[in-house]
$ cat model.cif   # mmCIF, C-alpha atoms
data_final
loop_
_atom_site.group_PDB
_atom_site.id
_atom_site.type_symbol
_atom_site.label_atom_id
_atom_site.label_comp_id
_atom_site.auth_asym_id
_atom_site.auth_seq_id
_atom_site.Cartn_x
_atom_site.Cartn_y
_atom_site.Cartn_z
ATOM 1 C CA MET A 14 198.761 108.015 86.201
ATOM 2 C CA THR A 15 200.711 105.016 85.082
ATOM 3 C CA TYR A 16 204.032 103.479 86.150
ATOM 4 C CA TYR A 17 206.852 102.703 83.703
ATOM 5 C CA ILE A 18 208.864 99.586 84.500
ATOM 6 C CA ASP A 19 211.717 101.813 85.763
ATOM 7 C CA ASP A 20 209.364 103.348 88.355
ATOM 8 C CA LEU A 21 208.588 99.997 89.962
ATOM 9 C CA LYS A 22 210.299 98.392 92.933
ATOM 10 C CA PRO A 23 209.496 95.126 94.736
ATOM 11 C CA GLY A 24 207.063 95.742 97.564
ATOM 12 C CA MET A 25 205.188 98.630 95.923
ATOM 13 C CA SER A 26 201.468 98.023 96.354
ATOM 14 C CA GLU A 27 198.122 99.504 95.327
ATOM 15 C CA SER A 28 194.507 98.520 95.937
ATOM 16 C CA LEU A 29 191.171 99.011 94.253
ATOM 17 C CA THR A 30 188.046 98.561 96.339
ATOM 18 C CA LYS A 31 184.679 97.596 94.898
ATOM 19 C CA THR A 32 181.381 96.549 96.393
ATOM 20 C CA VAL A 33 179.893 93.675 94.384
ATOM 21 C CA THR A 34 176.321 94.797 93.891
ATOM 22 C CA GLU A 35 173.226 92.812 92.907
ATOM 23 C CA ARG A 36 173.385 94.646 89.602
ATOM 24 C CA ASP A 37 177.017 93.552 89.071
ATOM 25 C CA VAL A 38 176.033 89.902 89.529
ATOM 26 C CA GLU A 39 173.182 90.337 87.064
ATOM 27 C CA LEU A 40 175.367 92.084 84.476
ATOM 28 C CA PHE A 41 178.154 89.555 84.913
ATOM 29 C CA GLY A 42 175.661 86.746 84.246
ATOM 30 C CA GLU A 43 174.769 88.427 80.986
ATOM 31 C CA VAL A 44 178.363 89.182 79.940
ATOM 32 C CA SER A 45 179.803 85.759 80.767
ATOM 33 C CA GLY A 46 176.778 83.635 79.879
ATOM 34 C CA ASP A 47 176.730 82.040 83.360
ATOM 35 C CA LYS A 48 173.208 82.354 84.736
ATOM 36 C CA ASN A 49 173.448 79.485 87.207
ATOM 37 C CA PRO A 50 170.851 79.718 89.986
ATOM 38 C CA VAL A 51 173.564 79.603 92.667
ATOM 39 C CA HIS A 52 174.110 83.245 91.643
ATOM 40 C CA PHE A 53 170.481 84.244 91.115
ATOM 41 C CA ASP A 54 168.014 82.078 93.074
ATOM 42 C CA GLU A 55 168.304 82.369 96.865
ATOM 43 C CA GLN A 56 165.979 79.432 97.509
ATOM 44 C CA TYR A 57 168.030 77.156 95.280
ATOM 45 C CA ALA A 58 171.372 78.499 96.544
ATOM 46 C CA LYS A 59 170.375 77.783 100.161
ATOM 47 C CA GLY A 60 170.289 74.082 99.265
ATOM 48 C CA THR A 61 173.898 74.115 98.022
ATOM 49 C CA ILE A 62 177.211 73.963 99.896
ATOM 50 C CA PHE A 63 177.292 77.787 99.714
ATOM 51 C CA LYS A 64 174.126 78.155 101.866
ATOM 52 C CA GLY A 65 172.998 81.187 99.884
ATOM 53 C CA ARG A 66 173.670 83.126 96.704
ATOM 54 C CA ILE A 67 177.274 83.880 95.744
ATOM 55 C CA ALA A 68 178.893 86.189 93.219
ATOM 56 C CA HIS A 69 180.692 84.584 90.258
ATOM 57 C CA GLY A 70 184.363 83.906 91.156
ATOM 58 C CA MET A 71 185.526 85.519 87.945
ATOM 59 C CA LEU A 72 183.574 88.668 88.817
ATOM 60 C CA THR A 73 185.749 89.123 91.898
ATOM 61 C CA ALA A 74 188.808 88.293 89.779
ATOM 62 C CA SER A 75 187.785 91.098 87.421
ATOM 63 C CA VAL A 76 188.464 93.600 90.176
ATOM 64 C CA ILE A 77 192.098 92.375 90.213
ATOM 65 C CA SER A 78 192.341 93.071 86.490
ATOM 66 C CA ALA A 79 190.928 96.559 87.088
ATOM 67 C CA ALA A 80 193.476 97.203 89.881
ATOM 68 C CA ILE A 81 196.262 96.319 87.424
ATOM 69 C CA ALA A 82 194.775 98.371 84.591
ATOM 70 C CA CYS A 83 193.909 101.376 86.752
ATOM 71 C CA LYS A 84 196.414 101.499 89.624
ATOM 72 C CA LEU A 85 199.592 99.410 89.348
ATOM 73 C CA PRO A 86 201.155 99.572 86.832
ATOM 74 C CA GLY A 87 198.100 101.444 85.426
ATOM 75 C CA PRO A 88 196.855 102.456 81.973
ATOM 76 C CA GLY A 89 198.862 101.066 79.068
ATOM 77 C CA THR A 90 199.854 97.855 80.879
ATOM 78 C CA ILE A 91 199.661 94.655 78.832
ATOM 79 C CA TYR A 92 198.149 91.763 80.779
ATOM 80 C CA LEU A 93 200.096 88.593 80.012
ATOM 81 C CA GLY A 94 198.872 86.114 82.579
ATOM 82 C CA GLN A 95 196.989 85.525 85.806
ATOM 83 C CA HIS A 96 196.888 82.672 88.309
ATOM 84 C CA LEU A 97 193.812 82.565 90.538
ATOM 85 C CA ARG A 98 193.083 80.416 93.573
ATOM 86 C CA PHE A 99 189.471 80.807 94.689
ATOM 87 C CA ARG A 100 189.610 80.427 98.472
ATOM 88 C CA ALA A 101 186.204 81.554 99.706
ATOM 89 C CA ARG A 102 182.840 82.722 98.402
ATOM 90 C CA VAL A 103 181.793 86.352 97.989
ATOM 91 C CA ARG A 104 178.165 87.319 98.567
ATOM 92 C CA PRO A 105 176.377 90.086 96.670
ATOM 93 C CA GLY A 106 176.772 93.256 98.743
ATOM 94 C CA GLU A 107 180.251 92.409 100.034
ATOM 95 C CA THR A 108 183.215 94.707 99.393
ATOM 96 C CA VAL A 109 186.312 93.331 97.678
ATOM 97 C CA ARG A 110 189.699 95.020 98.037
ATOM 98 C CA ALA A 111 191.894 93.869 95.135
ATOM 99 C CA THR A 112 195.521 94.407 96.146
ATOM 100 C CA VAL A 113 198.438 94.137 93.723
ATOM 101 C CA THR A 114 202.041 94.135 94.952
ATOM 102 C CA VAL A 115 205.245 94.134 92.886
ATOM 103 C CA MET A 116 207.045 90.823 93.526
ATOM 104 C CA GLU A 117 209.687 90.601 90.814
ATOM 105 C CA ILE A 118 210.954 92.758 87.954
ATOM 106 C CA LEU A 119 212.267 90.999 84.841
ATOM 107 C CA PRO A 120 213.987 93.875 82.996
ATOM 108 C CA GLU A 121 215.336 91.753 80.110
ATOM 109 C CA LYS A 122 211.768 90.777 79.207
ATOM 110 C CA ARG A 123 210.286 94.129 80.286
ATOM 111 C CA GLN A 124 207.895 92.141 82.483
ATOM 112 C CA VAL A 125 206.767 92.390 86.093
ATOM 113 C CA ARG A 126 205.302 89.732 88.369
ATOM 114 C CA LEU A 127 202.651 90.955 90.806
ATOM 115 C CA ALA A 128 201.131 89.254 93.831
ATOM 116 C CA THR A 129 197.354 89.614 93.580
ATOM 117 C CA GLU A 130 195.122 89.158 96.579
ATOM 118 C CA CYS A 131 191.474 89.923 97.303
ATOM 119 C CA PRO A 132 190.462 90.200 100.927
ATOM 120 C CA VAL A 133 186.829 90.655 101.902
ATOM 121 C CA GLY A 134 186.860 91.953 105.447
ATOM 122 C CA GLY A 135 189.821 90.086 106.946
ATOM 123 C CA LYS A 136 189.460 86.971 104.772
ATOM 124 C CA VAL A 137 191.345 86.367 101.513
ATOM 125 C CA VAL A 138 188.830 85.143 98.924
ATOM 126 C CA ILE A 139 191.216 85.005 95.935
ATOM 127 C CA GLU A 140 194.988 84.787 95.931
ATOM 128 C CA GLY A 141 197.428 84.399 93.081
ATOM 129 C CA ASP A 142 199.816 86.318 90.877
ATOM 130 C CA ALA A 143 199.886 88.157 87.569
ATOM 131 C CA LEU A 144 202.458 88.685 84.825
ATOM 132 C CA VAL A 145 202.296 92.067 83.089
ATOM 133 C CA MET A 146 204.262 94.273 80.715
ATOM 134 C CA PRO A 147 204.094 97.909 81.894
ATOM 135 C CA THR A 148 203.865 100.616 79.258
ATOM 136 C CA SER A 149 207.166 102.011 77.979
ATOM 137 C CA LYS A 150 208.638 105.485 77.622
ATOM 138 C CA PHE A 151 208.844 104.741 73.928
ATOM 139 C CA ALA A 152 205.099 104.162 73.660
ATOM 140 C CA TRP A 153 204.062 106.942 76.030
ATOM 141 C CA PRO A 154 206.804 109.511 76.631
ATOM 142 C CA ASP A 155 204.398 111.841 78.437
ATOM 143 C CA LYS A 156 202.797 109.348 80.840
ATOM 144 C CA PRO A 157 199.289 110.508 80.147
ATOM 145 C CA ALA A 158 196.817 110.610 82.960
ATOM 146 C CA VAL A 159 193.759 108.825 81.590
ATOM 147 C CA ALA A 160 190.726 110.744 82.742
ATOM 148 C CA GLY A 161 187.848 108.681 84.040
ATOM 149 C CA ALA A 162 189.599 105.353 83.478
ATOM 150 C CA CYS A 163 188.949 104.056 86.933
ATOM 151 C CA ASP A 164 185.940 105.561 88.618
ATOM 152 C CA ALA A 165 184.965 102.411 90.508
ATOM 153 C CA MET B 1 172.765 68.577 83.017
ATOM 154 C CA THR B 2 175.823 68.205 85.168
ATOM 155 C CA TYR B 3 178.599 65.618 85.382
ATOM 156 C CA TYR B 4 179.577 63.850 88.608
ATOM 157 C CA ILE B 5 183.266 63.100 89.015
ATOM 158 C CA ASP B 6 182.566 59.421 88.198
ATOM 159 C CA ASP B 7 181.112 60.448 84.824
ATOM 160 C CA LEU B 8 184.317 62.179 83.712
ATOM 161 C CA LYS B 9 187.164 60.696 81.684
ATOM 162 C CA PRO B 10 190.343 62.360 80.389
ATOM 163 C CA GLY B 11 189.770 63.792 76.924
ATOM 164 C CA MET B 12 186.074 64.645 77.414
ATOM 165 C CA SER B 13 185.507 68.162 76.096
ATOM 166 C CA GLU B 14 182.771 70.790 75.848
ATOM 167 C CA SER B 15 182.622 74.315 74.450
ATOM 168 C CA LEU B 16 180.604 77.454 75.021
ATOM 169 C CA THR B 17 180.542 80.043 72.254
ATOM 170 C CA LYS B 18 179.884 83.734 72.854
ATOM 171 C CA THR B 19 180.156 86.829 70.729
ATOM 172 C CA VAL B 20 181.700 89.663 72.749
ATOM 173 C CA THR B 21 179.362 92.545 72.005
ATOM 174 C CA GLU B 22 179.846 96.292 72.448
ATOM 175 C CA ARG B 23 177.319 96.048 75.274
ATOM 176 C CA ASP B 24 179.371 93.307 76.977
ATOM 177 C CA VAL B 25 182.461 95.541 76.953
ATOM 178 C CA GLU B 26 180.443 98.394 78.412
ATOM 179 C CA LEU B 27 178.863 96.243 81.134
ATOM 180 C CA PHE B 28 182.201 94.630 81.963
ATOM 181 C CA GLY B 29 183.712 98.083 82.428
ATOM 182 C CA GLU B 30 180.990 98.841 84.942
ATOM 183 C CA VAL B 31 181.218 95.509 86.773
ATOM 184 C CA SER B 32 185.020 95.391 87.037
ATOM 185 C CA GLY B 33 185.676 99.099 87.431
ATOM 186 C CA ASP B 34 188.067 99.128 84.441
ATOM 187 C CA LYS B 35 186.987 101.917 82.102
ATOM 188 C CA ASN B 36 190.342 102.360 80.386
ATOM 189 C CA PRO B 37 190.028 104.094 77.012
ATOM 190 C CA VAL B 38 191.778 101.189 75.253
ATOM 191 C CA HIS B 39 188.401 99.464 75.689
ATOM 192 C CA PHE B 40 186.157 102.448 74.984
ATOM 193 C CA ASP B 41 187.822 105.132 72.864
ATOM 194 C CA GLU B 42 188.697 104.053 69.322
ATOM 195 C CA GLN B 43 190.761 107.196 68.619
ATOM 196 C CA TYR B 44 192.871 106.646 71.720
ATOM 197 C CA ALA B 45 193.129 102.879 71.186
ATOM 198 C CA LYS B 46 194.439 103.370 67.639
ATOM 199 C CA GLY B 47 197.494 105.067 69.156
ATOM 200 C CA THR B 48 198.317 102.033 71.320
ATOM 201 C CA ILE B 49 200.079 98.748 70.501
ATOM 202 C CA PHE B 50 196.610 97.217 69.976
ATOM 203 C CA LYS B 51 195.829 99.511 67.007
ATOM 204 C CA GLY B 52 192.177 99.757 68.001
ATOM 205 C CA ARG B 53 189.772 98.966 70.813
ATOM 206 C CA ILE B 54 190.025 95.610 72.578
ATOM 207 C CA ALA B 55 187.779 93.713 74.978
ATOM 208 C CA HIS B 56 189.011 93.279 78.561
ATOM 209 C CA GLY B 57 191.077 90.067 78.858
ATOM 210 C CA MET B 58 189.122 88.999 81.909
ATOM 211 C CA LEU B 59 185.877 89.371 79.956
ATOM 212 C CA THR B 60 187.045 86.644 77.566
ATOM 213 C CA ALA B 61 188.230 84.606 80.571
ATOM 214 C CA SER B 62 184.702 84.885 81.982
ATOM 215 C CA VAL B 63 183.440 82.760 79.108
ATOM 216 C CA ILE B 64 185.767 79.961 80.324
ATOM 217 C CA SER B 65 184.178 80.176 83.766
ATOM 218 C CA ALA B 66 180.742 79.970 82.153
ATOM 219 C CA ALA B 67 181.784 76.901 80.111
ATOM 220 C CA ILE B 68 182.824 75.189 83.362
ATOM 221 C CA ALA B 69 179.689 76.269 85.238
ATOM 222 C CA CYS B 70 177.306 75.459 82.400
ATOM 223 C CA LYS B 71 178.808 72.619 80.383
ATOM 224 C CA LEU B 72 181.677 70.632 81.902
ATOM 225 C CA PRO B 73 181.361 69.610 84.693
ATOM 226 C CA GLY B 74 178.270 71.909 84.796
ATOM 227 C CA PRO B 75 175.983 73.275 87.528
ATOM 228 C CA GLY B 76 177.093 72.563 91.090
ATOM 229 C CA THR B 77 180.814 72.569 90.250
ATOM 230 C CA ILE B 78 183.070 74.391 92.721
ATOM 231 C CA TYR B 79 185.714 76.516 91.002
ATOM 232 C CA LEU B 80 189.010 76.147 92.878
ATOM 233 C CA GLY B 81 191.550 77.746 90.572
ATOM 234 C CA GLN B 82 192.355 79.065 87.115
ATOM 235 C CA HIS B 83 195.586 79.794 85.264
ATOM 236 C CA LEU B 84 195.265 82.201 82.334
ATOM 237 C CA ARG B 85 197.803 83.113 79.664
ATOM 238 C CA PHE B 86 196.562 86.006 77.546
ATOM 239 C CA ARG B 87 197.994 85.315 74.089
ATOM 240 C CA ALA B 88 196.183 87.731 71.770
ATOM 241 C CA ARG B 89 193.663 90.540 71.848
ATOM 242 C CA VAL B 90 189.914 90.145 71.249
ATOM 243 C CA ARG B 91 188.001 92.914 69.525
ATOM 244 C CA PRO B 92 184.379 93.811 70.293
ATOM 245 C CA GLY B 93 182.239 91.824 67.851
ATOM 246 C CA GLU B 94 184.520 88.771 67.762
ATOM 247 C CA THR B 95 183.257 85.332 68.755
ATOM 248 C CA VAL B 96 185.050 83.405 71.487
ATOM 249 C CA ARG B 97 184.764 79.622 71.784
ATOM 250 C CA ALA B 98 185.728 78.639 75.333
ATOM 251 C CA THR B 99 186.720 74.966 75.296
ATOM 252 C CA VAL B 100 187.260 72.904 78.447
ATOM 253 C CA THR B 101 188.818 69.424 78.288
ATOM 254 C CA VAL B 102 189.304 66.933 81.127
ATOM 255 C CA MET B 103 193.065 66.469 81.645
ATOM 256 C CA GLU B 104 193.380 64.685 84.963
ATOM 257 C CA ILE B 105 191.064 63.243 87.611
ATOM 258 C CA LEU B 106 192.230 63.318 91.239
ATOM 259 C CA PRO B 107 189.702 60.983 92.913
ATOM 260 C CA GLU B 108 191.268 61.122 96.392
ATOM 261 C CA LYS B 109 190.695 64.903 96.444
ATOM 262 C CA ARG B 110 187.472 64.728 94.389
ATOM 263 C CA GLN B 111 189.086 67.280 92.044
ATOM 264 C CA VAL B 112 189.485 67.506 88.268
ATOM 265 C CA ARG B 113 192.031 69.430 86.229
ATOM 266 C CA LEU B 114 190.724 70.892 82.964
ATOM 267 C CA ALA B 115 192.592 72.365 80.013
ATOM 268 C CA THR B 116 190.940 75.675 79.132
ATOM 269 C CA GLU B 117 191.433 77.300 75.760
ATOM 270 C CA CYS B 118 189.727 80.155 73.931
ATOM 271 C CA PRO B 119 190.159 80.263 70.184
ATOM 272 C CA VAL B 120 188.811 83.192 68.163
ATOM 273 C CA GLY B 121 188.640 81.989 64.600
ATOM 274 C CA GLY B 122 191.715 79.766 64.351
ATOM 275 C CA LYS B 123 193.791 81.723 66.890
ATOM 276 C CA VAL B 124 194.060 80.861 70.589
ATOM 277 C CA VAL B 125 193.610 84.099 72.563
ATOM 278 C CA ILE B 126 193.703 82.569 76.072
ATOM 279 C CA GLU B 127 195.150 79.249 77.168
ATOM 280 C CA GLY B 128 195.519 77.739 80.598
ATOM 281 C CA ASP B 129 193.980 75.254 82.975
ATOM 282 C CA ALA B 130 191.437 75.099 85.762
ATOM 283 C CA LEU B 131 191.043 73.088 88.962
ATOM 284 C CA VAL B 132 187.461 72.225 89.924
ATOM 285 C CA MET B 133 185.468 70.039 92.290
ATOM 286 C CA PRO B 134 182.478 68.551 90.450
ATOM 287 C CA THR B 135 179.229 68.182 92.368
ATOM 288 C CA SER B 136 178.714 64.904 94.211
ATOM 289 C CA LYS B 137 175.963 62.278 94.308
ATOM 290 C CA PHE B 138 175.672 63.076 97.988
ATOM 291 C CA ALA B 139 174.869 66.742 97.300
ATOM 292 C CA TRP B 140 172.672 66.126 94.266
ATOM 293 C CA PRO B 141 171.452 62.520 93.984
ATOM 294 C CA ASP B 142 169.035 63.433 91.179
ATOM 295 C CA LYS B 143 171.410 65.416 88.934
ATOM 296 C CA PRO B 144 168.972 68.233 88.378
ATOM 297 C CA ALA B 145 168.850 69.895 85.020
ATOM 298 C CA VAL B 146 169.091 73.606 85.771
ATOM 299 C CA ALA B 147 166.681 75.372 83.460
ATOM 300 C CA GLY B 148 167.939 78.538 81.852
ATOM 301 C CA ALA B 149 171.361 78.380 83.514
ATOM 302 C CA CYS B 150 173.275 78.799 80.301
ATOM 303 C CA ASP B 151 171.345 80.620 77.615
ATOM 304 C CA ALA B 152 174.395 82.375 76.153
#
$ encode --input "model.cif" --output "structure tokens"
Amino acid sequence: MTYYIDDLKPGMSESLTKTVTERDVELFGEVSGDKNPVHFDEQYAKGTIFKGRIAHGMLTASVISAAIACKLPGPGTIYLGQHLRFRARVRPGETVRATVTVMEILPEKRQVRLATECPVGGKVVIEGDALVMPTSKFAWPDKPAVAGACDA
Amino acid sequence: MTYYIDDLKPGMSESLTKTVTERDVELFGEVSGDKNPVHFDEQYAKGTIFKGRIAHGMLTASVISAAIACKLPGPGTIYLGQHLRFRARVRPGETVRATVTVMEILPEKRQVRLATECPVGGKVVIEGDALVMPTSKFAWPDKPAVAGACDA
């Protein structure tokens, strides 16, 4: 399911939940090129301000992008921008709940501003906002459900 | 190698170059939870505004985070924030050059603002800026080289 811009109203909200596994941290190191020992070497990471291994900040941010692409507005959305404030560390094994909420609709530009927040337990680890262009009736008159797009 | 805040001057710049492979797109789909067919199904993607498969925007953004973590300021840096403007699509197989440049040093906060830009060929696909806290002499008096941190 996807939302057209006309379907959206301020306050609408969706979440995508993902546990950041050891394997995710490993794969993200490969994909990004960031193999810093603060992510991979517990002994080393214990000597840093983080007092133990942490997941890459942009890995957690990736769950926000998946929430936008999969949930709200959903498949077909064009991602125009993202502001991220990294507020707290995420450890491998922790569960992130990326929540996106419609803040503002800019119909003349066909754009929507979303609040984007990632709590882990009760604590917000990333906050910020995104600018997106939802898909249009012109592009997708039938609002296709996209099977298997978001199995996280 | 890492840079302390005292080592940095406005205009200093470093880059990290990475080819976004088919495997990267696949792994990023797994890590983020975003398995939208615009990233995976060429037939489907041809029918979209992108006219073919594209890499996830946040995958390209991940190379910026690696450039910060690996090059400038380097290992030990704390990532506080990132603004991203997604300007153009990246196709699997294209090579991203994430470039970070010191814009402003805020010594009273021990923070540094970096311009962050990703050209692919001559075209900027992501632009924005980052806020970071470089590691300190107090935390790391010996400026350790971190072997294998950035083999991308």
$ closest_atom_pairs --input "model.cif" --of "chain A" --to "chain B" --cutoff "6 Å" --atoms "only C-alpha atoms" --output "tab-separated table"
residue	atom	partner	partner_atom	distance
A:Asp37	CA	B:Val31	CA	5.2
A:Val44	CA	B:Asp24	CA	5.2
A:Ser45	CA	B:Val63	CA	5.0
A:Gly46	CA	B:Ala152	CA	4.6
A:Asp47	CA	B:Ala66	CA	4.7
A:Lys48	CA	B:Ala149	CA	4.5
A:Asn49	CA	B:Ala149	CA	4.4
A:Ser75	CA	B:Ser32	CA	5.1
A:Val76	CA	B:Ser32	CA	5.0
A:Ala79	CA	B:Asp34	CA	4.7
A:Leu93	CA	B:Phe86	CA	5.0
A:Gly94	CA	B:Arg85	CA	4.3
A:Gln95	CA	B:Leu84	CA	5.1
A:His96	CA	B:His83	CA	4.4
A:Leu97	CA	B:Gln82	CA	5.1
A:Arg98	CA	B:Gly81	CA	4.3
A:Phe99	CA	B:Leu80	CA	5.0
A:Ala162	CA	B:Asn36	CA	4.4
A:Cys163	CA	B:Asp34	CA	5.6
A:Ala165	CA	B:Gly33	CA	4.6
$ closest_residue --input "model.cif" --among "B:Met133, B:Val124, B:Met12, B:Leu72" --to "Arg97 in chain B" --atoms "only C-alpha atoms"
B:Val124
$ resolve_selection --input "model.cif" --expression "the PyMOL selection byres ((chain A and resi 16) around 9)" --output "ChimeraX atom specification"
/A:14-15,17-21,84-88,90,147-149,156
$ atom_distance --input "model.cif" --atom1 "CA of Gly134 in chain A" --atom2 "CA of Met116 in chain A"
23.5 Å
$ atom_distance --input "model.cif" --atom1 "CA of Arg123 in chain A" --atom2 "CA of Val96 in chain B"
28.8 Å
$ axis_aligned_box --input "model.cif" --around "range 32-49 of chain A" --padding-each-side "8 Å" --output "AutoDock Vina command-line options"
--center_x 177.3 --center_y 88.0 --center_z 88.1 --size_x 24.2 --size_y 33.1 --size_z 32.5
$ atom_distance --input "model.cif" --atom1 "CA of Arg53 in chain B" --atom2 "CA of Val145 in chain A"
18.8 Å
$ resolve_selection --input "model.cif" --expression "the PyMOL selection byres ((chain A and resi 102) around 7)" --output "PyMOL selection string"
chain A and resi 67+101+103-104+138
$ build_atoms --input "model.cif" --residues "range 74-81 of chain A" --atoms "all heavy atoms" --output "tab-separated table (two decimals), in the coordinates of the input"
chain	number	residue	atom	x	y	z
A	74	ALA	N	187.50	88.25	90.46
A	74	ALA	CA	188.81	88.29	89.78
A	74	ALA	C	188.91	89.51	88.85
A	74	ALA	O	190.00	90.05	88.63
A	74	ALA	CB	189.03	87.00	89.00
A	75	SER	N	187.79	89.94	88.32
A	75	SER	CA	187.78	91.10	87.42
A	75	SER	C	188.25	92.37	88.12
A	75	SER	O	188.79	93.27	87.48
A	75	SER	CB	186.37	91.32	86.87
A	75	SER	OG	185.95	90.19	86.16
A	76	VAL	N	188.02	92.43	89.42
A	76	VAL	CA	188.46	93.60	90.18
A	76	VAL	C	190.00	93.62	90.26
A	76	VAL	O	190.62	94.68	90.25
A	76	VAL	CB	187.79	93.66	91.57
A	76	VAL	CG1	188.14	94.96	92.28
A	76	VAL	CG2	186.27	93.52	91.44
A	77	ILE	N	190.62	92.44	90.30
A	77	ILE	CA	192.10	92.38	90.21
A	77	ILE	C	192.56	92.98	88.89
A	77	ILE	O	193.48	93.80	88.85
A	77	ILE	CB	192.61	90.91	90.30
A	77	ILE	CG1	192.24	90.27	91.63
A	77	ILE	CG2	194.11	90.85	90.03
A	77	ILE	CD1	192.58	88.77	91.71
A	78	SER	N	191.91	92.57	87.80
A	78	SER	CA	192.34	93.07	86.49
A	78	SER	C	192.17	94.58	86.42
A	78	SER	O	192.98	95.29	85.80
A	78	SER	CB	191.62	92.35	85.34
A	78	SER	OG	190.31	92.83	85.16
A	79	ALA	N	191.13	95.11	87.06
A	79	ALA	CA	190.93	96.56	87.09
A	79	ALA	C	192.01	97.24	87.93
A	79	ALA	O	192.49	98.32	87.57
A	79	ALA	CB	189.53	96.88	87.63
A	80	ALA	N	192.41	96.62	89.04
A	80	ALA	CA	193.48	97.20	89.88
A	80	ALA	C	194.77	97.31	89.09
A	80	ALA	O	195.51	98.29	89.20
A	80	ALA	CB	193.67	96.36	91.15
A	81	ILE	N	195.05	96.31	88.27
A	81	ILE	CA	196.26	96.32	87.42
A	81	ILE	C	196.13	97.39	86.35
A	81	ILE	O	197.06	98.19	86.13
A	81	ILE	CB	196.48	94.92	86.80
A	81	ILE	CG1	196.86	93.92	87.90
A	81	ILE	CG2	197.53	94.97	85.68
A	81	ILE	CD1	196.85	92.46	87.45
